[in-house]
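Student: I am attaching a structure below and will ask some questions about it afterwards.
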Amino acid sequence: MALLLWPLLGLLAFAFLPWAREGRAFLAGGPSGLGLLGTLPVLWAPLLALVATLGLSFVGRAARALPTLIAALAGFLVTAFFIVFRNEPADLGALITALALLSVTGMALSDTGIIKADRFIASSTLWVGLFLILFVMFPLFRVLRSAFGETGFSLEAFRSVLSSPAFFVLENETTARSETTLAVMATVAGAVAGLGASLWRRLPVWATVRNTVLAALGVGIVAALYFGFGALRNSVLLAVSVATAATALALAFALLGTRSRAPFGPYLFVPLALAGYAIGSLAASTPQTAGLGLLFKGVGVLAGVGMAWWLTRQRITAGRLLGVFSLLPIITPPFVIGFALIFLLGRQGLITKDILGLDTDALLGPLGVGIAQTLAYTPIAYLVLVGVVQSLNGTLEEAAVTLGAGRWHVLKTVIWPLVRPGLANAFLLTIIESLADFGNPFVMGGSFLSTEVYFAVEFSPAEASVYGTVLLALSVSAFLAQQAWLGRTSFTTITGKPAQGTVTPLPPVLERILLLVFMVWVLFVGAVYGSMFFGALVKLWGFDNTFTFEHIRNLSVGSLGVFFNTLKIAALSSVPVLILSVVIAYLITRQKFFGRGFIELGSLLSFAVPGTVIGIGYILALNSGFAYMTGTMLILIVAFIFRNMPVGIRSAVANLRQIDPALEEASTTLRAGSLTTLWRVVMPLIRPALISALIFAFVRAMTAISQIIFLISPDHKVVTSEVLSMVERGQLGDAAALSALLVFTLAVVIALMTWAVGRMGSQAKVSV
């Protein structure tokens, strides 16, 4: 049936749908393929191929397989070359014709036995490969091509960028010291340290030379970055610092959440009382409530103490609160945290002015960006590490305790080595997110690679591509460093046997320290989000704290339209993410075919590449030619699909590997095809994971900014870009109101979907 339907669909598209676009809009009118036959005889090839494959569909499989493959492949290649090399925007007629011929080619490859799979698998493989080439590989290729020369190999753009003081400079003539001399001295000290360590360990000559050179290079690079200036230096130091802090905090919180049973309430009496005092002070800072300061402050303190007492009575642990705080950055655009920090650390900030009595912006800039990124990415690293810590085999810890090991020794010799893969993954993820972050540096100031990309793309796409190439190289270097740290060590502890061991509690001193750290974290995060909501309800934070609903009313003027447009884009991009995630995960886990490695690598590459690089690639690849899509809603949807798809793939793969393939083999034995097996057997079993991936895709589409900052047009704005524009125009109250609306909406969506997933999981258990 499919072999009959695809040629029919291709013929209908060829005859009635336009093949070329005059501008960005699809189906705006134009001649069909049938109307172009007189002027473009080459189009007879796809027409004859469609007619031939339609006729061959009535012939037996053995007789039609090879002729169908030849006709469909020839027709697809001619259509593809026509679309690409005509260099005009292609319309739906050409695209559907090409995809129909590609589908028939896949089915014919299955019929001939060249691909050892059924028709659905063969066609899906070709579709996925084509999409990855067009929307992942091609944009990255255009970035590299632009950086190294459009018409021929050239390093001129690299010379221009690398020699610019905005990129990196070591020697600053305005300072009294010589940064070059300091860097050289540090390099020599590193070489001496490497040589001394090698001689003390009595290593062979070649190992001594290697260690000396590596130590000199490592220390020299770190010293040059530390003493130097420019966007490269700022971005690298920021990424490493944020990744280190976020990973350390995430590990601390993961250990605290899984191994601490102490009530958290007693640690909150003082901070909640201070928070109540601060809220009372803010409430009494308006002209209407100026005489009620003492009353508001007293009520605030009593409310804070009462909340702490209730948490103590309920024996609420840190682990239960961590589940809430781990969701906050997922439903919040990262730059919104930086924007909220302006209310706390700016010149009129609550902490800088009202508490510390400072009149300075010193806490903004790189320091403020680092704080904002740490707040934004620590919970993301926590989500990575908490699963690792929870999966540790308690039998190993119990054996160590039986042999006389103390809690500190177990933590050092058992837990630490086993969590290294999770630490490396969290560190790598945080570095990539920090390098790609555009919003926080843009809002809080500072020279970073992500902002330099944004400013360079307006006047020199080649230089912007160089910045993007540098970001890509840094991400790849972080990945290689991760692999070098893990080495070939095996971390497998799951043997298939049930683990009955008891996990070792944290050392008491460490547990108290971590509880205090988490107390500060809760207080600061609460202040950040509280300041955002408070800023939406006053005229101008720090200058005129008069309560007003003006900013909320302003949402109806134009921002609500942007908000609903963002909802539509997020919804339209989430469903394709789900479909592609399931299909690709099924292909790479259950099928063996030539090119499986390419599909796996290509599907995950878009997540490993910084979002700003993907944005530049889409501008360069989709701004002209057959794939002209810039300025349309479609390019935003495509960007979200291929940016968020890897997370859905990882989730589906993890769940598919827990399903016994015998279930699918039984379905195949009963003569069900792969599509039927996937729909009726596999998807019901991994439904909760798929809904989680759908939630993630929807939320990330609502909160993204880095990968789409270059793709937004006046006709298709999104919430994140609108908030940035408001901050840039000084409309802080309106920006706070729109941010609060976004956070509240996503919190409700996640709560409802999480409840639905929980209901599905409980129903599945009951049915089993």
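Residues are named by chain letter and number: chains run A, B, ... in the order of the structure tokens, numbers start at 1 in each chain, and ligands are numbered from 1 in the order shown.
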From the DSSP assignment of the backbone, select every residue of region 583-642 of chain A that is helix (DSSP H, G or I), and format the answer as a compact mmCIF listing (two decimals) with N, CA, C and O atoms, in the first residue's frame.
Tutor:
```
# COMPACT_ATOMS: atom_id res chain seq x y z
N VAL A 583 11.91 7.56 16.64
CA VAL A 583 12.39 6.86 15.44
C VAL A 583 13.90 6.69 15.49
O VAL A 583 14.43 5.58 15.25
N ILE A 584 14.64 7.75 15.80
CA ILE A 584 16.11 7.66 15.82
C ILE A 584 16.57 6.73 16.93
O ILE A 584 17.49 5.91 16.73
N ALA A 585 15.96 6.83 18.11
CA ALA A 585 16.34 5.92 19.21
C ALA A 585 16.09 4.47 18.82
O ALA A 585 16.90 3.58 19.12
N TYR A 586 14.98 4.21 18.14
CA TYR A 586 14.67 2.84 17.71
C TYR A 586 15.68 2.37 16.66
O TYR A 586 16.10 1.20 16.67
N LEU A 587 16.10 3.26 15.78
CA LEU A 587 17.06 2.88 14.75
C LEU A 587 18.42 2.53 15.34
O LEU A 587 19.04 1.52 14.97
N ILE A 588 18.90 3.35 16.27
CA ILE A 588 20.28 3.15 16.75
C ILE A 588 20.37 2.10 17.86
O ILE A 588 21.48 1.66 18.19
N THR A 589 19.24 1.68 18.44
CA THR A 589 19.29 0.66 19.48
C THR A 589 18.82 -0.71 19.00
O THR A 589 19.24 -1.74 19.55
N ARG A 590 17.97 -0.75 18.00
CA ARG A 590 17.38 -2.03 17.59
C ARG A 590 17.76 -2.46 16.18
O ARG A 590 17.45 -3.59 15.78
N ARG A 596 24.71 3.80 10.70
CA ARG A 596 24.10 4.00 12.00
C ARG A 596 24.94 4.93 12.88
O ARG A 596 24.41 5.77 13.60
N GLY A 597 26.26 4.82 12.80
CA GLY A 597 27.14 5.70 13.57
C GLY A 597 26.98 7.16 13.16
O GLY A 597 27.01 8.06 14.01
N PHE A 598 26.79 7.39 11.86
CA PHE A 598 26.60 8.76 11.38
C PHE A 598 25.31 9.35 11.95
O PHE A 598 25.28 10.50 12.38
N ILE A 599 24.24 8.55 11.95
CA ILE A 599 22.96 9.04 12.47
C ILE A 599 23.07 9.32 13.96
O ILE A 599 22.56 10.35 14.46
N GLU A 600 23.74 8.45 14.71
CA GLU A 600 23.87 8.67 16.14
C GLU A 600 24.70 9.92 16.43
O GLU A 600 24.33 10.74 17.28
N LEU A 601 25.82 10.07 15.72
CA LEU A 601 26.67 11.24 15.93
C LEU A 601 25.95 12.52 15.51
O LEU A 601 25.94 13.51 16.25
N GLY A 602 25.33 12.50 14.33
CA GLY A 602 24.67 13.70 13.84
C GLY A 602 23.50 14.13 14.71
O GLY A 602 23.26 15.32 14.90
N SER A 603 22.78 13.15 15.26
CA SER A 603 21.62 13.49 16.08
C SER A 603 22.01 14.09 17.41
O SER A 603 21.23 14.83 18.02
N LEU A 604 23.20 13.79 17.90
CA LEU A 604 23.64 14.33 19.19
C LEU A 604 24.54 15.55 19.03
O LEU A 604 24.79 16.26 20.00
N LEU A 605 25.02 15.80 17.81
CA LEU A 605 25.98 16.87 17.61
C LEU A 605 25.38 18.24 17.87
O LEU A 605 26.05 19.13 18.42
N SER A 606 24.12 18.42 17.51
CA SER A 606 23.52 19.75 17.66
C SER A 606 23.40 20.16 19.11
O SER A 606 23.31 21.35 19.42
N PHE A 607 23.40 19.19 20.05
CA PHE A 607 23.33 19.55 21.46
C PHE A 607 24.71 19.86 22.02
O PHE A 607 24.85 20.67 22.94
N ALA A 608 25.75 19.21 21.46
CA ALA A 608 27.11 19.44 21.95
C ALA A 608 27.67 20.76 21.43
O ALA A 608 28.59 21.32 22.04
N GLY A 611 24.82 26.91 21.22
CA GLY A 611 23.64 27.38 20.50
C GLY A 611 23.93 28.54 19.57
O GLY A 611 23.33 28.65 18.50
N THR A 612 24.82 29.44 19.98
CA THR A 612 25.14 30.57 19.11
C THR A 612 25.78 30.12 17.80
O THR A 612 25.57 30.74 16.76
N VAL A 613 26.56 29.02 17.84
CA VAL A 613 27.16 28.50 16.62
C VAL A 613 26.08 27.95 15.70
O VAL A 613 26.10 28.17 14.48
N ILE A 614 25.11 27.23 16.28
CA ILE A 614 24.00 26.72 15.48
C ILE A 614 23.22 27.88 14.85
O ILE A 614 22.81 27.84 13.69
N GLY A 615 23.02 28.96 15.61
CA GLY A 615 22.31 30.12 15.09
C GLY A 615 23.02 30.74 13.91
O GLY A 615 22.40 31.08 12.89
N ILE A 616 24.34 30.90 14.01
CA ILE A 616 25.12 31.44 12.89
C ILE A 616 25.02 30.52 11.69
O ILE A 616 24.86 30.96 10.54
N GLY A 617 25.12 29.20 11.94
CA GLY A 617 25.03 28.24 10.84
C GLY A 617 23.70 28.33 10.11
O GLY A 617 23.65 28.27 8.88
N TYR A 618 22.61 28.51 10.84
CA TYR A 618 21.31 28.62 10.20
C TYR A 618 21.20 29.91 9.39
O TYR A 618 20.58 29.92 8.31
N ILE A 619 21.77 30.98 9.90
CA ILE A 619 21.75 32.24 9.14
C ILE A 619 22.51 32.07 7.82
O ILE A 619 22.06 32.51 6.75
N LEU A 620 23.67 31.42 7.87
CA LEU A 620 24.49 31.27 6.67
C LEU A 620 23.90 30.25 5.70
O LEU A 620 23.98 30.41 4.48
N ALA A 621 23.30 29.17 6.24
CA ALA A 621 22.83 28.09 5.39
C ALA A 621 21.42 28.32 4.85
O ALA A 621 21.10 27.84 3.75
N GLY A 625 19.24 30.59 -1.41
CA GLY A 625 19.21 29.31 -2.09
C GLY A 625 17.90 28.57 -1.88
O GLY A 625 16.87 29.14 -1.55
N PHE A 626 17.96 27.24 -2.07
CA PHE A 626 16.73 26.44 -2.05
C PHE A 626 16.08 26.39 -0.67
O PHE A 626 14.88 26.20 -0.56
N ALA A 627 16.87 26.57 0.40
CA ALA A 627 16.34 26.45 1.76
C ALA A 627 16.12 27.81 2.41
O ALA A 627 16.29 27.95 3.62
N MET A 633 8.54 31.78 10.64
CA MET A 633 8.34 30.97 11.84
C MET A 633 8.96 29.59 11.66
O MET A 633 9.41 28.96 12.63
N LEU A 634 9.03 29.11 10.42
CA LEU A 634 9.53 27.77 10.16
C LEU A 634 10.97 27.60 10.62
O LEU A 634 11.34 26.55 11.16
N ILE A 635 11.81 28.61 10.43
CA ILE A 635 13.21 28.47 10.81
C ILE A 635 13.35 28.37 12.33
O ILE A 635 14.22 27.66 12.85
N LEU A 636 12.48 29.04 13.08
CA LEU A 636 12.50 28.92 14.54
C LEU A 636 12.08 27.51 14.95
O LEU A 636 12.68 26.91 15.86
N ILE A 637 11.05 26.98 14.30
CA ILE A 637 10.59 25.63 14.62
C ILE A 637 11.67 24.60 14.33
O ILE A 637 11.95 23.70 15.14
N VAL A 638 12.32 24.73 13.17
CA VAL A 638 13.38 23.79 12.80
C VAL A 638 14.55 23.88 13.79
O VAL A 638 15.11 22.86 14.21
N ALA A 639 14.92 25.11 14.18
CA ALA A 639 16.01 25.28 15.14
C ALA A 639 15.69 24.60 16.47
O ALA A 639 16.55 23.93 17.06
N PHE A 640 14.46 24.75 16.94
CA PHE A 640 14.07 24.11 18.20
C PHE A 640 14.05 22.60 18.06
O PHE A 640 14.44 21.87 18.98
N ILE A 641 13.57 22.10 16.94
CA ILE A 641 13.48 20.64 16.75
C ILE A 641 14.85 19.99 16.89
O ILE A 641 15.04 19.05 17.67
N PHE A 642 15.82 20.49 16.14
CA PHE A 642 17.11 19.81 16.10
C PHE A 642 18.02 20.21 17.26
O PHE A 642 19.03 19.56 17.49
```
Student: Can you write out as a Markdown table which residues of region 239-316 of chain A fall within 12 Å of region 457-479 of chain A, alongside each residue's closest atom pair and its distance in Å to one decimal, counting only C-alpha atoms and ordering rows by chain and ascending residue number?
Tutor:
```
| residue | atom | partner | partner_atom | distance |
| --- | --- | --- | --- | --- |
| A:Ala239 | CA | A:Leu474 | CA | 10.1 |
| A:Val240 | CA | A:Ala478 | CA | 9.7 |
| A:Ala243 | CA | A:Ala478 | CA | 11.0 |
```
Student: Go ahead and dump the residues you just picked, C-alpha atoms, as a compact mmCIF listing (two decimals), in the first residue's frame.
Tutor:
```
# COMPACT_ATOMS: atom_id res chain seq x y z
CA ALA A 239 33.13 28.66 31.85
CA VAL A 240 35.72 26.81 33.94
CA ALA A 243 31.46 24.58 35.72
```
Student: Just to confirm, what's the straight-line distance from CA of Phe534 (chain A) to CA of Phe269 (chain A) in Å (one decimal)?
Tutor: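 Taking CA of Phe534 (chain A) and CA of Phe269 (chain A), their separation equals 22.8 Å.
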Student: Which residue, A:Arg21, A:Gly526, A:Phe82, A:Ser692, has the smallest gap to Pro41 (chain A) when you use only C-alpha atoms?
Tutor: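 For Pro41 (chain A), the nearest of the given residues is A:Phe82.
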Student: Could you check the closest approach to Leu383 (chain A) for each of A:Thr97, A:Thr430, A:Thr180, A:Thr451 and tell me which residue wins, using only C-alpha atoms?
Tutor: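 The shortest atom-to-atom distance to Leu383 (chain A) comes from A:Thr430.
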Student: Find the residues around Met702 (chain A) up to 12 Å (only C-alpha atoms counted), leave out those fewer than 3 positions away in its own chain, and share them as JSON, numbers by chain.
Tutor: {"A": [330, 331, 332, 333, 334, 562, 563, 564, 565, 566, 567, 568, 569, 570, 571, 572, 573, 574, 636, 637, 640, 644, 695, 696, 697, 698, 699, 705, 708, 717, 718, 719, 720, 721, 739, 741, 742, 743, 745, 746, 747, 749]}
Student: Using only C-alpha atoms, can you tell me which of A:Leu43, A:Ala672, A:Leu321, A:Ala381 comes closest to Glu433 (chain A)?
Tutor: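 Of all the options, A:Ala381 lies closest to Glu433 (chain A).
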Student: If we count only C-alpha atoms, what is near Phe76 (chain A) at a cut-off of 6 Å, once residues fewer than 3 positions away on the same chain are taken out, given as a ChimeraX atom specification?
Tutor: /A:73,79-80,98,101
Student: Quick one: distance from CA of Gly230 (chain A) to CA of Leu214 (chain A) in Å, one decimal?
Tutor: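 Computing it gives 24.7 Å between the two atoms.
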Student: With only C-alpha atoms as the counted atoms, please give the residues lying no more than 10 Å from Arg347 (chain A), apart from itself and same-chain residues fewer than 3 positions off, as a list of chain:residue names.
Tutor: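 Neighbouring residues, sequence-local ones excluded: A:Ile342, A:Phe343, A:Leu344, A:Leu350, A:Ile351, A:Thr352, A:Lys353, A:Gly357, A:Leu358, A:Asp359, A:Thr360, A:Asp361, A:Ala362, A:Leu363, A:Leu364, A:Gly542.
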Student: Restricting the output to N, CA, C and O atoms, write the selected residues as a PDB file, in the first residue's frame.
Tutor:
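Saved result, part38.pdb, follows:
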```pdb
ATOM      1  N   ILE A 342      20.045  41.990  38.870  1.00  0.00           N
ATOM      2  CA  ILE A 342      20.197  43.442  38.815  1.00  0.00           C
ATOM      3  C   ILE A 342      19.426  44.085  39.960  1.00  0.00           C
ATOM      4  O   ILE A 342      19.876  45.070  40.567  1.00  0.00           O
ATOM      5  N   PHE A 343      18.261  43.530  40.273  1.00  0.00           N
ATOM      6  CA  PHE A 343      17.470  44.059  41.387  1.00  0.00           C
ATOM      7  C   PHE A 343      18.153  43.824  42.733  1.00  0.00           C
ATOM      8  O   PHE A 343      17.874  44.525  43.702  1.00  0.00           O
ATOM      9  N   LEU A 344      19.029  42.805  42.799  1.00  0.00           N
ATOM     10  CA  LEU A 344      19.689  42.493  44.068  1.00  0.00           C
ATOM     11  C   LEU A 344      21.085  43.091  44.168  1.00  0.00           C
ATOM     12  O   LEU A 344      21.488  43.565  45.234  1.00  0.00           O
ATOM     13  N   LEU A 350      18.844  45.420  46.411  1.00  0.00           N
ATOM     14  CA  LEU A 350      18.487  45.156  47.797  1.00  0.00           C
ATOM     15  C   LEU A 350      19.715  44.808  48.627  1.00  0.00           C
ATOM     16  O   LEU A 350      19.873  45.276  49.761  1.00  0.00           O
ATOM     17  N   ILE A 351      20.611  43.969  48.077  1.00  0.00           N
ATOM     18  CA  ILE A 351      21.802  43.561  48.830  1.00  0.00           C
ATOM     19  C   ILE A 351      22.845  44.668  48.824  1.00  0.00           C
ATOM     20  O   ILE A 351      23.400  45.029  49.879  1.00  0.00           O
ATOM     21  N   THR A 352      23.140  45.227  47.651  1.00  0.00           N
ATOM     22  CA  THR A 352      24.222  46.213  47.554  1.00  0.00           C
ATOM     23  C   THR A 352      23.887  47.514  48.264  1.00  0.00           C
ATOM     24  O   THR A 352      24.714  48.059  49.010  1.00  0.00           O
ATOM     25  N   LYS A 353      22.689  48.040  48.080  1.00  0.00           N
ATOM     26  CA  LYS A 353      22.353  49.349  48.653  1.00  0.00           C
ATOM     27  C   LYS A 353      21.684  49.241  50.018  1.00  0.00           C
ATOM     28  O   LYS A 353      22.129  49.827  51.001  1.00  0.00           O
ATOM     29  N   GLY A 357      24.813  48.843  51.995  1.00  0.00           N
ATOM     30  CA  GLY A 357      25.025  50.281  51.919  1.00  0.00           C
ATOM     31  C   GLY A 357      26.027  50.701  50.867  1.00  0.00           C
ATOM     32  O   GLY A 357      26.687  51.734  51.003  1.00  0.00           O
ATOM     33  N   LEU A 358      26.144  49.935  49.785  1.00  0.00           N
ATOM     34  CA  LEU A 358      27.099  50.235  48.722  1.00  0.00           C
ATOM     35  C   LEU A 358      26.413  50.967  47.578  1.00  0.00           C
ATOM     36  O   LEU A 358      25.232  50.765  47.306  1.00  0.00           O
ATOM     37  N   ASP A 359      27.180  51.800  46.898  1.00  0.00           N
ATOM     38  CA  ASP A 359      26.698  52.500  45.707  1.00  0.00           C
ATOM     39  C   ASP A 359      27.637  52.151  44.560  1.00  0.00           C
ATOM     40  O   ASP A 359      28.480  52.938  44.148  1.00  0.00           O
ATOM     41  N   THR A 360      27.512  50.918  44.070  1.00  0.00           N
ATOM     42  CA  THR A 360      28.474  50.414  43.101  1.00  0.00           C
ATOM     43  C   THR A 360      27.802  49.397  42.183  1.00  0.00           C
ATOM     44  O   THR A 360      26.806  48.766  42.552  1.00  0.00           O
ATOM     45  N   ASP A 361      28.375  49.272  41.000  1.00  0.00           N
ATOM     46  CA  ASP A 361      27.966  48.237  40.045  1.00  0.00           C
ATOM     47  C   ASP A 361      29.019  47.143  39.930  1.00  0.00           C
ATOM     48  O   ASP A 361      29.013  46.358  38.983  1.00  0.00           O
ATOM     49  N   ALA A 362      29.939  47.077  40.901  1.00  0.00           N
ATOM     50  CA  ALA A 362      31.059  46.142  40.810  1.00  0.00           C
ATOM     51  C   ALA A 362      30.599  44.691  40.825  1.00  0.00           C
ATOM     52  O   ALA A 362      31.285  43.810  40.293  1.00  0.00           O
ATOM     53  N   LEU A 363      29.441  44.431  41.460  1.00  0.00           N
ATOM     54  CA  LEU A 363      28.972  43.060  41.534  1.00  0.00           C
ATOM     55  C   LEU A 363      28.286  42.607  40.255  1.00  0.00           C
ATOM     56  O   LEU A 363      27.889  41.449  40.147  1.00  0.00           O
ATOM     57  N   LEU A 364      28.123  43.512  39.291  1.00  0.00           N
ATOM     58  CA  LEU A 364      27.634  43.111  37.979  1.00  0.00           C
ATOM     59  C   LEU A 364      28.843  42.786  37.095  1.00  0.00           C
ATOM     60  O   LEU A 364      29.925  42.540  37.586  1.00  0.00           O
ATOM     61  N   GLY A 542      13.904  50.366  43.411  1.00  0.00           N
ATOM     62  CA  GLY A 542      14.987  51.152  43.989  1.00  0.00           C
ATOM     63  C   GLY A 542      14.785  52.643  43.924  1.00  0.00           C
ATOM     64  O   GLY A 542      15.413  53.384  44.693  1.00  0.00           O
TER      65      GLY A 542
END
```
Student: Just the residues within 10 Å of Glu22 (chain A), please, counting only C-alpha atoms, with nothing from its chain fewer than 5 positions along; format it as JSON, numbers by chain.
Tutor: {"A": [27, 28, 29, 30, 88, 89, 90, 91]}
Student: Within 7 Å of region 119-132 of chain A, counting only C-alpha atoms, which residues show up once you throw out same-chain ones fewer than 4 positions away? Write them as JSON, numbers by chain, please.
Tutor: {"A": [103, 106, 107, 109, 110, 115, 136, 137, 599, 602, 603, 674, 675]}
Student: Please determine, counting only C-alpha atoms, which residue among A:Val557, A:Leu392, A:Leu423, A:Ala318 has the shortest atom-to-atom distance to Glu511 (chain A).
Tutor: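 Going through A:Val557, A:Leu392, A:Leu423, A:Ala318 one by one, the smallest distance to Glu511 (chain A) is for A:Ala318.
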